[in-house]
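Text of structure_5.cif (mmCIF, C-alpha atoms and all ligand atoms) as supplied:
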data_protein
#
loop_
_atom_site.group_PDB
_atom_site.id
_atom_site.type_symbol
_atom_site.label_atom_id
_atom_site.label_comp_id
_atom_site.auth_asym_id
_atom_site.auth_seq_id
_atom_site.Cartn_x
_atom_site.Cartn_y
_atom_site.Cartn_z
ATOM 1 C CA MET A 1 -0.849 -12.546 30.496
ATOM 2 C CA THR A 2 2.620 -12.862 29.005
ATOM 3 C CA LEU A 3 4.244 -9.814 27.454
ATOM 4 C CA ILE A 4 6.110 -10.786 24.274
ATOM 5 C CA ASP A 5 9.536 -9.155 24.494
ATOM 6 C CA GLY A 6 10.565 -8.363 20.937
ATOM 7 C CA LYS A 7 13.585 -6.379 22.034
ATOM 8 C CA ALA A 8 15.106 -9.263 23.993
ATOM 9 C CA THR A 9 14.215 -11.813 21.281
ATOM 10 C CA ALA A 10 15.812 -9.604 18.625
ATOM 11 C CA ALA A 11 18.978 -9.260 20.733
ATOM 12 C CA THR A 12 19.181 -13.059 21.079
ATOM 13 C CA ILE A 13 18.759 -13.562 17.326
ATOM 14 C CA LYS A 14 21.388 -10.918 16.487
ATOM 15 C CA ALA A 15 23.848 -12.689 18.810
ATOM 16 C CA GLU A 16 23.047 -15.994 17.056
ATOM 17 C CA ILE A 17 23.655 -14.356 13.658
ATOM 18 C CA LYS A 18 26.948 -12.840 14.803
ATOM 19 C CA ALA A 19 28.184 -16.212 16.081
ATOM 20 C CA GLU A 20 27.345 -17.808 12.718
ATOM 21 C CA VAL A 21 29.020 -14.991 10.754
ATOM 22 C CA GLU A 22 32.225 -15.339 12.767
ATOM 23 C CA GLN A 23 32.185 -19.085 12.083
ATOM 24 C CA ILE A 24 31.751 -18.463 8.354
ATOM 25 C CA VAL A 25 34.572 -15.903 8.293
ATOM 26 C CA ALA A 26 36.866 -18.129 10.411
ATOM 27 C CA ALA A 27 36.320 -20.924 7.873
ATOM 28 C CA GLY A 28 37.445 -18.595 5.066
ATOM 29 C CA GLY A 29 33.979 -17.564 3.915
ATOM 30 C CA LYS A 30 32.771 -14.110 2.951
ATOM 31 C CA ARG A 31 31.395 -11.607 5.465
ATOM 32 C CA PRO A 32 27.776 -10.810 4.448
ATOM 33 C CA HIS A 33 27.363 -7.317 2.969
ATOM 34 C CA LEU A 34 24.104 -5.333 3.048
ATOM 35 C CA ALA A 35 23.721 -2.071 1.147
ATOM 36 C CA ALA A 36 20.956 0.446 1.908
ATOM 37 C CA VAL A 37 19.847 3.237 -0.416
ATOM 38 C CA LEU A 38 18.263 6.272 1.250
ATOM 39 C CA VAL A 39 16.665 9.030 -0.816
ATOM 40 C CA GLY A 40 15.912 12.369 0.879
ATOM 41 C CA HIS A 41 15.663 13.187 4.596
ATOM 42 C CA ASP A 42 12.362 11.750 5.857
ATOM 43 C CA GLY A 43 12.665 11.490 9.671
ATOM 44 C CA GLY A 44 11.251 7.978 9.949
ATOM 45 C CA SER A 45 13.371 6.663 7.062
ATOM 46 C CA GLU A 46 16.545 8.222 8.515
ATOM 47 C CA THR A 47 15.891 6.432 11.821
ATOM 48 C CA TYR A 48 15.107 3.094 10.170
ATOM 49 C CA VAL A 49 18.196 3.175 7.982
ATOM 50 C CA ARG A 50 20.463 4.232 10.855
ATOM 51 C CA ASN A 51 19.121 1.314 12.897
ATOM 52 C CA LYS A 52 19.678 -1.067 9.981
ATOM 53 C CA VAL A 53 23.318 0.011 9.726
ATOM 54 C CA LEU A 54 23.755 -0.419 13.511
ATOM 55 C CA ALA A 55 22.157 -3.865 13.338
ATOM 56 C CA CYS A 56 24.648 -4.834 10.601
ATOM 57 C CA GLU A 57 27.488 -3.922 12.961
ATOM 58 C CA ALA A 58 25.925 -5.966 15.773
ATOM 59 C CA CYS A 59 25.679 -8.982 13.431
ATOM 60 C CA GLY A 60 29.232 -8.676 12.096
ATOM 61 C CA PHE A 61 28.064 -7.735 8.590
ATOM 62 C CA ARG A 62 29.627 -5.246 6.257
ATOM 63 C CA SER A 63 27.202 -2.412 5.420
ATOM 64 C CA SER A 64 27.125 0.393 2.853
ATOM 65 C CA LEU A 65 24.821 3.385 3.021
ATOM 66 C CA ILE A 66 24.173 5.142 -0.287
ATOM 67 C CA ARG A 67 22.472 8.517 0.064
ATOM 68 C CA TYR A 68 20.785 10.716 -2.527
ATOM 69 C CA GLU A 69 18.934 14.028 -2.331
ATOM 70 C CA ASP A 70 15.235 13.822 -3.194
ATOM 71 C CA THR A 71 15.980 15.613 -6.458
ATOM 72 C CA ILE A 72 17.462 12.369 -7.866
ATOM 73 C CA THR A 73 15.700 11.262 -11.062
ATOM 74 C CA GLU A 74 14.087 7.884 -11.493
ATOM 75 C CA ALA A 75 16.653 7.003 -14.168
ATOM 76 C CA GLU A 76 19.544 7.819 -11.807
ATOM 77 C CA LEU A 77 18.046 5.689 -9.043
ATOM 78 C CA LEU A 78 17.444 2.812 -11.468
ATOM 79 C CA ASP A 79 21.081 3.102 -12.504
ATOM 80 C CA CYS A 80 22.141 2.824 -8.831
ATOM 81 C CA VAL A 81 20.000 -0.327 -8.492
ATOM 82 C CA LYS A 82 21.664 -1.772 -11.602
ATOM 83 C CA GLN A 83 25.133 -1.145 -10.163
ATOM 84 C CA LEU A 84 24.180 -2.844 -6.882
ATOM 85 C CA ASN A 85 22.723 -5.794 -8.824
ATOM 86 C CA GLU A 86 26.079 -6.177 -10.565
ATOM 87 C CA ASP A 87 28.322 -5.582 -7.535
ATOM 88 C CA ALA A 88 29.591 -9.053 -6.609
ATOM 89 C CA ASP A 89 30.532 -7.959 -3.089
ATOM 90 C CA VAL A 90 26.983 -6.847 -2.217
ATOM 91 C CA ASP A 91 24.954 -9.880 -1.104
ATOM 92 C CA GLY A 92 21.694 -8.023 -0.578
ATOM 93 C CA PHE A 93 20.345 -4.483 -0.662
ATOM 94 C CA ILE A 94 17.298 -2.413 0.120
ATOM 95 C CA VAL A 95 15.924 0.847 -1.217
ATOM 96 C CA GLN A 96 14.240 2.539 1.735
ATOM 97 C CA LEU A 97 10.578 3.455 1.114
ATOM 98 C CA PRO A 98 8.736 5.756 0.693
ATOM 99 C CA LEU A 99 10.381 7.337 -2.348
ATOM 100 C CA PRO A 100 9.646 10.862 -3.636
ATOM 101 C CA LYS A 101 6.438 11.176 -5.669
ATOM 102 C CA HIS A 102 8.222 11.534 -9.028
ATOM 103 C CA ILE A 103 9.780 8.053 -8.696
ATOM 104 C CA SER A 104 7.763 4.866 -9.239
ATOM 105 C CA GLU A 105 8.367 2.612 -6.227
ATOM 106 C CA GLN A 106 7.103 -0.405 -8.146
ATOM 107 C CA LYS A 107 9.516 0.231 -11.008
ATOM 108 C CA VAL A 108 12.427 0.465 -8.558
ATOM 109 C CA ILE A 109 11.387 -2.691 -6.675
ATOM 110 C CA GLU A 110 11.079 -4.629 -9.927
ATOM 111 C CA ALA A 111 14.540 -3.432 -11.037
ATOM 112 C CA ILE A 112 16.146 -5.102 -8.009
ATOM 113 C CA ASP A 113 17.666 -8.528 -8.723
ATOM 114 C CA TYR A 114 15.259 -10.823 -6.808
ATOM 115 C CA ARG A 115 18.279 -12.834 -5.600
ATOM 116 C CA LYS A 116 19.460 -9.713 -3.691
ATOM 117 C CA ASP A 117 15.968 -8.521 -2.650
ATOM 118 C CA VAL A 118 16.380 -9.026 1.107
ATOM 119 C CA ASP A 119 13.240 -6.914 1.724
ATOM 120 C CA GLY A 120 11.245 -9.608 -0.083
ATOM 121 C CA PHE A 121 9.271 -6.979 -2.021
ATOM 122 C CA HIS A 122 10.043 -8.163 -5.585
ATOM 123 C CA PRO A 123 7.074 -9.896 -7.253
ATOM 124 C CA ILE A 124 9.179 -13.062 -7.684
ATOM 125 C CA ASN A 125 9.735 -13.285 -3.926
ATOM 126 C CA VAL A 126 6.113 -12.353 -3.184
ATOM 127 C CA GLY A 127 4.910 -15.011 -5.647
ATOM 128 C CA ARG A 128 7.261 -17.674 -4.325
ATOM 129 C CA MET A 129 6.164 -16.885 -0.772
ATOM 130 C CA ALA A 130 2.517 -17.220 -1.798
ATOM 131 C CA ILE A 131 3.076 -20.742 -3.158
ATOM 132 C CA GLY A 132 5.360 -21.823 -0.322
ATOM 133 C CA LEU A 133 8.707 -21.884 -2.165
ATOM 134 C CA PRO A 134 12.019 -20.838 -0.530
ATOM 135 C CA CYS A 135 12.425 -17.055 -0.825
ATOM 136 C CA TYR A 136 13.063 -13.840 1.054
ATOM 137 C CA ILE A 137 10.026 -13.151 3.254
ATOM 138 C CA SER A 138 9.406 -9.513 4.141
ATOM 139 C CA ALA A 139 10.638 -8.513 7.558
ATOM 140 C CA THR A 140 7.503 -7.684 9.533
ATOM 141 C CA PRO A 141 5.507 -10.861 8.823
ATOM 142 C CA LYS A 142 8.676 -12.957 9.191
ATOM 143 C CA GLY A 143 9.371 -11.297 12.571
ATOM 144 C CA ILE A 144 5.849 -12.055 13.793
ATOM 145 C CA LEU A 145 6.168 -15.734 12.791
ATOM 146 C CA GLU A 146 9.487 -15.859 14.638
ATOM 147 C CA LEU A 147 7.974 -14.356 17.814
ATOM 148 C CA LEU A 148 5.076 -16.841 17.728
ATOM 149 C CA ARG A 149 7.546 -19.694 17.230
ATOM 150 C CA ARG A 150 9.996 -18.625 19.938
ATOM 151 C CA TYR A 151 7.157 -18.181 22.467
ATOM 152 C CA ASN A 152 5.777 -21.655 21.540
ATOM 153 C CA ILE A 153 2.397 -20.156 20.673
ATOM 154 C CA GLU A 154 0.219 -22.756 18.965
ATOM 155 C CA THR A 155 -1.186 -21.465 15.674
ATOM 156 C CA SER A 156 -2.126 -24.692 13.878
ATOM 157 C CA GLY A 157 -5.879 -24.883 13.365
ATOM 158 C CA LYS A 158 -6.509 -21.648 15.294
ATOM 159 C CA LYS A 159 -8.696 -18.777 14.114
ATOM 160 C CA CYS A 160 -6.474 -15.870 13.117
ATOM 161 C CA VAL A 161 -7.736 -12.415 12.155
ATOM 162 C CA VAL A 162 -5.364 -10.133 10.255
ATOM 163 C CA LEU A 163 -6.433 -6.484 10.434
ATOM 164 C CA GLY A 164 -5.117 -4.654 7.371
ATOM 165 C CA ARG A 165 -4.305 -5.623 3.790
ATOM 166 C CA SER A 166 -1.089 -3.761 2.927
ATOM 167 C CA ASN A 167 1.445 -5.326 0.571
ATOM 168 C CA ILE A 168 4.173 -5.168 3.238
ATOM 169 C CA VAL A 169 2.271 -6.615 6.228
ATOM 170 C CA GLY A 170 -1.404 -7.600 5.917
ATOM 171 C CA LYS A 171 -1.299 -9.574 2.655
ATOM 172 C CA PRO A 172 1.900 -11.558 3.313
ATOM 173 C CA MET A 173 0.908 -12.133 6.952
ATOM 174 C CA ALA A 174 -2.404 -13.664 5.911
ATOM 175 C CA GLN A 175 -0.654 -15.838 3.297
ATOM 176 C CA LEU A 176 1.886 -17.107 5.802
ATOM 177 C CA MET A 177 -0.556 -17.733 8.644
ATOM 178 C CA MET A 178 -2.658 -19.785 6.221
ATOM 179 C CA GLN A 179 0.158 -22.001 4.935
ATOM 180 C CA LYS A 180 0.737 -25.425 6.487
ATOM 181 C CA GLN A 181 4.498 -24.897 6.845
ATOM 182 C CA TYR A 182 4.091 -21.582 8.729
ATOM 183 C CA GLY A 183 0.909 -20.675 10.654
ATOM 184 C CA ASP A 184 -1.396 -23.506 9.526
ATOM 185 C CA ALA A 185 -4.281 -21.374 10.824
ATOM 186 C CA THR A 186 -7.776 -20.453 9.626
ATOM 187 C CA VAL A 187 -7.270 -16.892 8.447
ATOM 188 C CA THR A 188 -9.690 -13.991 8.027
ATOM 189 C CA VAL A 189 -8.523 -10.653 6.661
ATOM 190 C CA CYS A 190 -10.441 -7.563 7.828
ATOM 191 C CA HIS A 191 -9.910 -3.985 6.657
ATOM 192 C CA SER A 192 -11.430 -0.517 6.804
ATOM 193 C CA ARG A 193 -14.514 -1.602 4.831
ATOM 194 C CA SER A 194 -15.235 -4.860 6.694
ATOM 195 C CA GLN A 195 -18.765 -4.848 8.115
ATOM 196 C CA SER A 196 -18.409 -7.634 10.687
ATOM 197 C CA LEU A 197 -14.942 -6.625 11.892
ATOM 198 C CA ARG A 198 -15.796 -6.602 15.615
ATOM 199 C CA GLU A 199 -17.493 -10.026 15.440
ATOM 200 C CA GLU A 200 -14.591 -11.512 13.471
ATOM 201 C CA CYS A 201 -12.106 -10.230 16.058
ATOM 202 C CA LEU A 202 -14.205 -11.492 18.964
ATOM 203 C CA ALA A 203 -14.122 -15.004 17.497
ATOM 204 C CA ALA A 204 -10.344 -14.944 16.925
ATOM 205 C CA ASP A 205 -7.701 -16.892 18.863
ATOM 206 C CA ILE A 206 -4.974 -14.722 17.340
ATOM 207 C CA ILE A 207 -5.354 -11.103 16.192
ATOM 208 C CA ILE A 208 -2.630 -9.403 14.163
ATOM 209 C CA ALA A 209 -3.382 -5.674 14.037
ATOM 210 C CA ALA A 210 -1.744 -3.845 11.129
ATOM 211 C CA ILE A 211 -4.322 -1.226 10.259
ATOM 212 C CA GLY A 212 -2.311 1.907 11.135
ATOM 213 C CA ARG A 213 -4.912 3.480 13.448
ATOM 214 C CA PRO A 214 -3.796 4.176 17.028
ATOM 215 C CA GLY A 215 -5.800 2.301 19.665
ATOM 216 C CA PHE A 216 -8.136 0.767 17.042
ATOM 217 C CA LEU A 217 -8.456 -2.674 18.688
ATOM 218 C CA THR A 218 -10.408 -2.185 21.915
ATOM 219 C CA ALA A 219 -11.218 -4.594 24.764
ATOM 220 C CA ASP A 220 -14.792 -5.243 23.524
ATOM 221 C CA MET A 221 -13.286 -6.787 20.345
ATOM 222 C CA VAL A 222 -11.019 -9.326 22.049
ATOM 223 C CA LYS A 223 -11.893 -12.810 23.322
ATOM 224 C CA PRO A 224 -10.425 -13.636 26.758
ATOM 225 C CA GLY A 225 -7.239 -15.695 26.278
ATOM 226 C CA ALA A 226 -6.551 -14.380 22.770
ATOM 227 C CA VAL A 227 -3.041 -13.697 21.427
ATOM 228 C CA VAL A 228 -2.691 -10.084 20.225
ATOM 229 C CA ILE A 229 0.128 -8.926 17.956
ATOM 230 C CA ASP A 230 0.341 -5.154 17.457
ATOM 231 C CA VAL A 231 2.091 -3.976 14.294
ATOM 232 C CA GLY A 232 1.033 -0.309 14.594
ATOM 233 C CA THR A 233 3.725 2.363 14.885
ATOM 234 C CA THR A 234 1.936 5.666 14.384
ATOM 235 C CA ARG A 235 3.766 8.802 15.545
ATOM 236 C CA VAL A 236 1.401 10.648 17.900
ATOM 237 C CA PRO A 237 2.303 14.225 19.007
ATOM 238 C CA ASP A 238 3.368 14.212 22.674
ATOM 239 C CA ALA A 239 4.879 17.386 24.162
ATOM 240 C CA THR A 240 6.143 15.447 27.224
ATOM 241 C CA ARG A 241 8.574 13.415 25.039
ATOM 242 C CA PRO A 242 12.010 14.721 24.033
ATOM 243 C CA LYS A 243 11.274 14.128 20.337
ATOM 244 C CA GLY A 244 7.775 15.653 20.580
ATOM 245 C CA PHE A 245 6.025 12.374 19.681
ATOM 246 C CA ARG A 246 5.488 8.865 20.906
ATOM 247 C CA LEU A 247 4.811 5.644 19.007
ATOM 248 C CA SER A 248 1.270 4.382 19.292
ATOM 249 C CA GLY A 249 0.189 0.858 18.398
ATOM 250 C CA ASP A 250 -3.101 -0.237 16.845
ATOM 251 C CA VAL A 251 -4.187 -1.795 20.150
ATOM 252 C CA ASP A 252 -5.707 -0.062 23.192
ATOM 253 C CA PHE A 253 -2.989 -1.801 25.203
ATOM 254 C CA ASP A 254 -4.010 -0.849 28.778
ATOM 255 C CA ASN A 255 -7.503 -2.272 28.404
ATOM 256 C CA VAL A 256 -6.751 -5.171 26.032
ATOM 257 C CA ALA A 257 -3.624 -6.592 27.718
ATOM 258 C CA PRO A 258 -5.399 -7.955 30.847
ATOM 259 C CA LEU A 259 -7.632 -10.090 28.575
ATOM 260 C CA CYS A 260 -4.808 -11.675 26.574
ATOM 261 C CA SER A 261 -2.763 -14.842 26.972
ATOM 262 C CA TYR A 262 0.063 -13.114 25.037
ATOM 263 C CA ILE A 263 0.443 -9.569 23.734
ATOM 264 C CA THR A 264 3.185 -7.500 22.085
ATOM 265 C CA PRO A 265 3.852 -3.980 23.427
ATOM 266 C CA VAL A 266 4.563 -0.872 21.308
ATOM 267 C CA PRO A 267 7.405 -0.060 21.314
ATOM 268 C CA GLY A 268 9.468 -3.170 22.055
ATOM 269 C CA GLY A 269 7.290 -5.822 20.408
ATOM 270 C CA VAL A 270 7.182 -6.368 16.644
ATOM 271 C CA GLY A 271 9.356 -3.323 15.812
ATOM 272 C CA PRO A 272 12.765 -4.610 16.970
ATOM 273 C CA MET A 273 12.096 -7.935 15.215
ATOM 274 C CA THR A 274 11.681 -6.426 11.759
ATOM 275 C CA ILE A 275 15.259 -5.153 11.402
ATOM 276 C CA CYS A 276 16.463 -8.402 12.890
ATOM 277 C CA MET A 277 14.646 -10.346 10.137
ATOM 278 C CA LEU A 278 16.326 -8.154 7.516
ATOM 279 C CA MET A 279 19.586 -9.331 9.069
ATOM 280 C CA LEU A 280 18.474 -12.988 8.836
ATOM 281 C CA ASN A 281 17.590 -12.429 5.165
ATOM 282 C CA THR A 282 21.021 -10.856 4.585
ATOM 283 C CA LEU A 283 22.712 -13.839 6.233
ATOM 284 C CA ALA A 284 20.709 -16.122 3.919
ATOM 285 C CA ALA A 285 21.779 -13.966 0.949
ATOM 286 C CA GLY A 286 25.431 -14.288 1.979
ATOM 287 C CA LYS A 287 25.040 -18.061 2.158
ATOM 288 C CA HIS A 288 23.052 -18.227 -1.121
ATOM 289 C CA GLU A 289 20.469 -20.138 0.877
ATOM 290 C CA TYR A 290 17.509 -19.519 -1.444
ATOM 291 C CA TYR A 291 19.139 -18.680 -4.778
ATOM 292 C CA GLN A 292 22.460 -19.394 -6.476
HETATM 293 N N1 LIG B 301 9.858 1.545 4.767
HETATM 294 C C1 LIG B 301 9.146 1.097 5.838
HETATM 295 N N2 LIG B 301 9.446 -0.205 6.078
HETATM 296 C C2 LIG B 301 10.330 -0.574 5.125
HETATM 297 C C3 LIG B 301 11.006 -1.789 4.858
HETATM 298 O O1 LIG B 301 10.840 -2.812 5.518
HETATM 299 N N3 LIG B 301 11.859 -1.771 3.790
HETATM 300 C C4 LIG B 301 12.045 -0.676 3.022
HETATM 301 N N4 LIG B 301 12.891 -0.767 1.992
HETATM 302 N N5 LIG B 301 11.421 0.474 3.254
HETATM 303 C C5 LIG B 301 10.579 0.512 4.293
#

Any chance you could put this one into structure tokens?
Amino acid sequence: MTLIDGKATAATIKAEIKAEVEQIVAAGGKRPHLAAVLVGHDGGSETYVRNKVLACEACGFRSSLIRYEDTITEAELLDCVKQLNEDADVDGFIVQLPLPKHISEQKVIEAIDYRKDVDGFHPINVGRMAIGLPCYISATPKGILELLRRYNIETSGKKCVVLGRSNIVGKPMAQLMMQKQYGDATVTVCHSRSQSLREECLAADIIIAAIGRPGFLTADMVKPGAVVIDVGTTRVPDATRPKGFRLSGDVDFDNVAPLCSYITPVPGGVGPMTICMLMLNTLAAGKHEYYQ
């Protein structure tokens, strides 16, 4: 069994990005600039955004953090998005989700200029991804493809089960694993209502678990030699930890890992790759790689 080290892979990629940025700047080009908008004080969002800003520093990017209280109106937030769309120095930006209930996330996402949508959440990027055109691909599925590629894991023609159908992970993951230019696999999507979920998993060469239920994928659902990618990051109360919680994946790691050819741990697997892919998207934005 090989443990897939997302933390080390992410560090390598960030060093590669930084080297490229310094080359661009040395040649007289512009330093990429990512802006992040954070509304309110949700603990998870605060951590994510702080880590995104730190990753920008590691990559040699400029970053801007724009903070609002959760009393901000939808109109005010839409106005902020408009200003960022028009700011020529900002190459890409994200609005951290979730947003307060009184603000429509979809409206905000659709207000973002798709050419600066480094999260890849705008319907134009989602649509372009689905038909295989150049675009920003959302960070988690892009990070998983990158891990599979860097570990030389064969996906072409393999049976891949994606557990979960969220807009951010399950749906794009299934699309990408299906496409010839990415996974080139035979893909099955299972979710909370799937009746033959265990049988589908048992037949799979690759399982990507993004269902958001700690320890959901157990050893009796995994074929010996399978590749298991765990996207779960549920906060589980744990009084022995300084923060009072630990992160739990969707995979019963202790019992599943011995069966696998490759497996990602939680933490240290998919998680560190996601922010790193946001950095790759920001580099692409700075270079106008996908759009003018
Ligand atoms: N909240 C959880 N993950 C993400 C992400 O990738 N981007 C944004 N904008 N918000 C998130």

Open item on the list: Under the PyMOL selection byres (((chain A and resi 258) around 12) and not hetatm), which residues of this model are included? Write them out as an MDAnalysis selection string.
Closed with: chainID A and resid 1:3 218:219 222:228 252:257 259:263

Open item on the list: Give me, as a ChimeraX atom specification, the set of residues whose atoms come within 8 Å of any atom of ligand LIG 301 (chain B), counting all atoms listed in the file.
Closed with: /A:45,48,94-98,119,138-140,168,274-275,278

Could you take the residues named above and write them with C-alpha atoms, as a PDB file, in the frame of the given file?
ATOM      1  CA  SER A  45      13.371   6.663   7.062  1.00  0.00           C
ATOM      2  CA  TYR A  48      15.107   3.094  10.170  1.00  0.00           C
ATOM      3  CA  ILE A  94      17.298  -2.413   0.120  1.00  0.00           C
ATOM      4  CA  VAL A  95      15.924   0.847  -1.217  1.00  0.00           C
ATOM      5  CA  GLN A  96      14.240   2.539   1.735  1.00  0.00           C
ATOM      6  CA  LEU A  97      10.578   3.455   1.114  1.00  0.00           C
ATOM      7  CA  PRO A  98       8.736   5.756   0.693  1.00  0.00           C
ATOM      8  CA  ASP A 119      13.240  -6.914   1.724  1.00  0.00           C
ATOM      9  CA  SER A 138       9.406  -9.513   4.141  1.00  0.00           C
ATOM     10  CA  ALA A 139      10.638  -8.513   7.558  1.00  0.00           C
ATOM     11  CA  THR A 140       7.503  -7.684   9.533  1.00  0.00           C
ATOM     12  CA  ILE A 168       4.173  -5.168   3.238  1.00  0.00           C
ATOM     13  CA  THR A 274      11.681  -6.426  11.759  1.00  0.00           C
ATOM     14  CA  ILE A 275      15.259  -5.153  11.402  1.00  0.00           C
ATOM     15  CA  LEU A 278      16.326  -8.154   7.516  1.00  0.00           C
TER      16      LEU A 278
END

- [ ] Any chance you could resolve the PyMOL selection byres (((chain A and resi 75) around 12) and not hetatm) against this file and give the residues as a PyMOL selection string?
- [x] chain A and resi 71-74+76-82+102-104+107-108+111

Open item on the list: For a test of reading the model, state the distance in Å between CA of Ala8 (chain A) and CA of Pro272 (chain A), rounded to one decimal.
Closed with: 8.7 Å

Excluding Phe61 (chain A) and residues on its chain fewer than 4 positions from it, collect all residues at most 10 Å away from it, counting all atoms listed in the file, and give them as a PDB file with C-alpha atoms, in the frame of the given file.
ATOM      1  CA  ILE A  17      23.655 -14.356  13.658  1.00  0.00           C
ATOM      2  CA  LYS A  18      26.948 -12.840  14.803  1.00  0.00           C
ATOM      3  CA  VAL A  21      29.020 -14.991  10.754  1.00  0.00           C
ATOM      4  CA  GLU A  22      32.225 -15.339  12.767  1.00  0.00           C
ATOM      5  CA  LYS A  30      32.771 -14.110   2.951  1.00  0.00           C
ATOM      6  CA  ARG A  31      31.395 -11.607   5.465  1.00  0.00           C
ATOM      7  CA  PRO A  32      27.776 -10.810   4.448  1.00  0.00           C
ATOM      8  CA  HIS A  33      27.363  -7.317   2.969  1.00  0.00           C
ATOM      9  CA  LEU A  34      24.104  -5.333   3.048  1.00  0.00           C
ATOM     10  CA  VAL A  53      23.318   0.011   9.726  1.00  0.00           C
ATOM     11  CA  LEU A  54      23.755  -0.419  13.511  1.00  0.00           C
ATOM     12  CA  ALA A  55      22.157  -3.865  13.338  1.00  0.00           C
ATOM     13  CA  CYS A  56      24.648  -4.834  10.601  1.00  0.00           C
ATOM     14  CA  GLU A  57      27.488  -3.922  12.961  1.00  0.00           C
ATOM     15  CA  MET A 279      19.586  -9.331   9.069  1.00  0.00           C
ATOM     16  CA  THR A 282      21.021 -10.856   4.585  1.00  0.00           C
ATOM     17  CA  LEU A 283      22.712 -13.839   6.233  1.00  0.00           C
ATOM     18  CA  GLY A 286      25.431 -14.288   1.979  1.00  0.00           C
TER      19      GLY A 286
END

Open item on the list: Please enumerate the residues selected by the PyMOL selection byres (((chain A and resi 160-166) around 10) and not hetatm) when evaluated against the supplied file, formatted as a PyMOL selection string.
Closed with: chain A and resi 155-159+167-174+177-178+183-192+194+197+200-212+216-217+226-231+250

Quick one: write out the picked residues with C-alpha atoms as a short mmCIF file (atom, residue, chain, number, x, y, z; two decimals), in the frame of the given file?
data_model
loop_
_atom_site.label_atom_id
_atom_site.label_comp_id
_atom_site.auth_asym_id
_atom_site.auth_seq_id
_atom_site.Cartn_x
_atom_site.Cartn_y
_atom_site.Cartn_z
CA THR A 155 -1.19 -21.46 15.67
CA SER A 156 -2.13 -24.69 13.88
CA GLY A 157 -5.88 -24.88 13.36
CA LYS A 158 -6.51 -21.65 15.29
CA LYS A 159 -8.70 -18.78 14.11
CA ASN A 167 1.44 -5.33 0.57
CA ILE A 168 4.17 -5.17 3.24
CA VAL A 169 2.27 -6.62 6.23
CA GLY A 170 -1.40 -7.60 5.92
CA LYS A 171 -1.30 -9.57 2.66
CA PRO A 172 1.90 -11.56 3.31
CA MET A 173 0.91 -12.13 6.95
CA ALA A 174 -2.40 -13.66 5.91
CA MET A 177 -0.56 -17.73 8.64
CA MET A 178 -2.66 -19.78 6.22
CA GLY A 183 0.91 -20.68 10.65
CA ASP A 184 -1.40 -23.51 9.53
CA ALA A 185 -4.28 -21.37 10.82
CA THR A 186 -7.78 -20.45 9.63
CA VAL A 187 -7.27 -16.89 8.45
CA THR A 188 -9.69 -13.99 8.03
CA VAL A 189 -8.52 -10.65 6.66
CA CYS A 190 -10.44 -7.56 7.83
CA HIS A 191 -9.91 -3.98 6.66
CA SER A 192 -11.43 -0.52 6.80
CA SER A 194 -15.24 -4.86 6.69
CA LEU A 197 -14.94 -6.62 11.89
CA GLU A 200 -14.59 -11.51 13.47
CA CYS A 201 -12.11 -10.23 16.06
CA LEU A 202 -14.20 -11.49 18.96
CA ALA A 203 -14.12 -15.00 17.50
CA ALA A 204 -10.34 -14.94 16.92
CA ASP A 205 -7.70 -16.89 18.86
CA ILE A 206 -4.97 -14.72 17.34
CA ILE A 207 -5.35 -11.10 16.19
CA ILE A 208 -2.63 -9.40 14.16
CA ALA A 209 -3.38 -5.67 14.04
CA ALA A 210 -1.74 -3.84 11.13
CA ILE A 211 -4.32 -1.23 10.26
CA GLY A 212 -2.31 1.91 11.14
CA PHE A 216 -8.14 0.77 17.04
CA LEU A 217 -8.46 -2.67 18.69
CA ALA A 226 -6.55 -14.38 22.77
CA VAL A 227 -3.04 -13.70 21.43
CA VAL A 228 -2.69 -10.08 20.23
CA ILE A 229 0.13 -8.93 17.96
CA ASP A 230 0.34 -5.15 17.46
CA VAL A 231 2.09 -3.98 14.29
CA ASP A 250 -3.10 -0.24 16.84
#

- [ ] Figure out the distance between CA of Ala35 (chain A) and CA of Thr47 (chain A), please, to one decimal in Å.
- [x]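 Between these atoms lies a distance of 15.7 Å.
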
TODO: Mind checking which residues fall within 9 Å of Thr9 (chain A), counting only C-alpha atoms, ignoring those fewer than 2 positions away in the same chain, and posting them as a ChimeraX atom specification?
DONE: /A:4-7,11-14,147,150,272-273

Please supply region 238-242 of chain A, rebuilt with N, CA, C and O atoms, as an mmCIF file, in the frame of the given file.
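That gives us rebuild-v1.cif:
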data_model
loop_
_atom_site.group_PDB
_atom_site.id
_atom_site.type_symbol
_atom_site.label_atom_id
_atom_site.label_comp_id
_atom_site.auth_asym_id
_atom_site.auth_seq_id
_atom_site.Cartn_x
_atom_site.Cartn_y
_atom_site.Cartn_z
ATOM 1 N N ASP A 238 3.333 14.315 21.217
ATOM 2 C CA ASP A 238 3.368 14.212 22.674
ATOM 3 C C ASP A 238 4.434 15.181 23.197
ATOM 4 O O ASP A 238 5.637 14.899 23.106
ATOM 5 N N ALA A 239 3.967 16.309 23.740
ATOM 6 C CA ALA A 239 4.879 17.386 24.162
ATOM 7 C C ALA A 239 5.753 16.949 25.336
ATOM 8 O O ALA A 239 6.798 17.557 25.588
ATOM 9 N N THR A 240 5.350 15.878 26.062
ATOM 10 C CA THR A 240 6.143 15.447 27.224
ATOM 11 C C THR A 240 7.369 14.630 26.796
ATOM 12 O O THR A 240 8.232 14.334 27.611
ATOM 13 N N ARG A 241 7.444 14.242 25.511
ATOM 14 C CA ARG A 241 8.574 13.415 25.039
ATOM 15 C C ARG A 241 9.647 14.296 24.413
ATOM 16 O O ARG A 241 9.315 15.300 23.760
ATOM 17 N N PRO A 242 10.917 13.901 24.575
ATOM 18 C CA PRO A 242 12.010 14.721 24.033
ATOM 19 C C PRO A 242 11.871 14.974 22.526
ATOM 20 O O PRO A 242 12.181 16.060 22.039
#
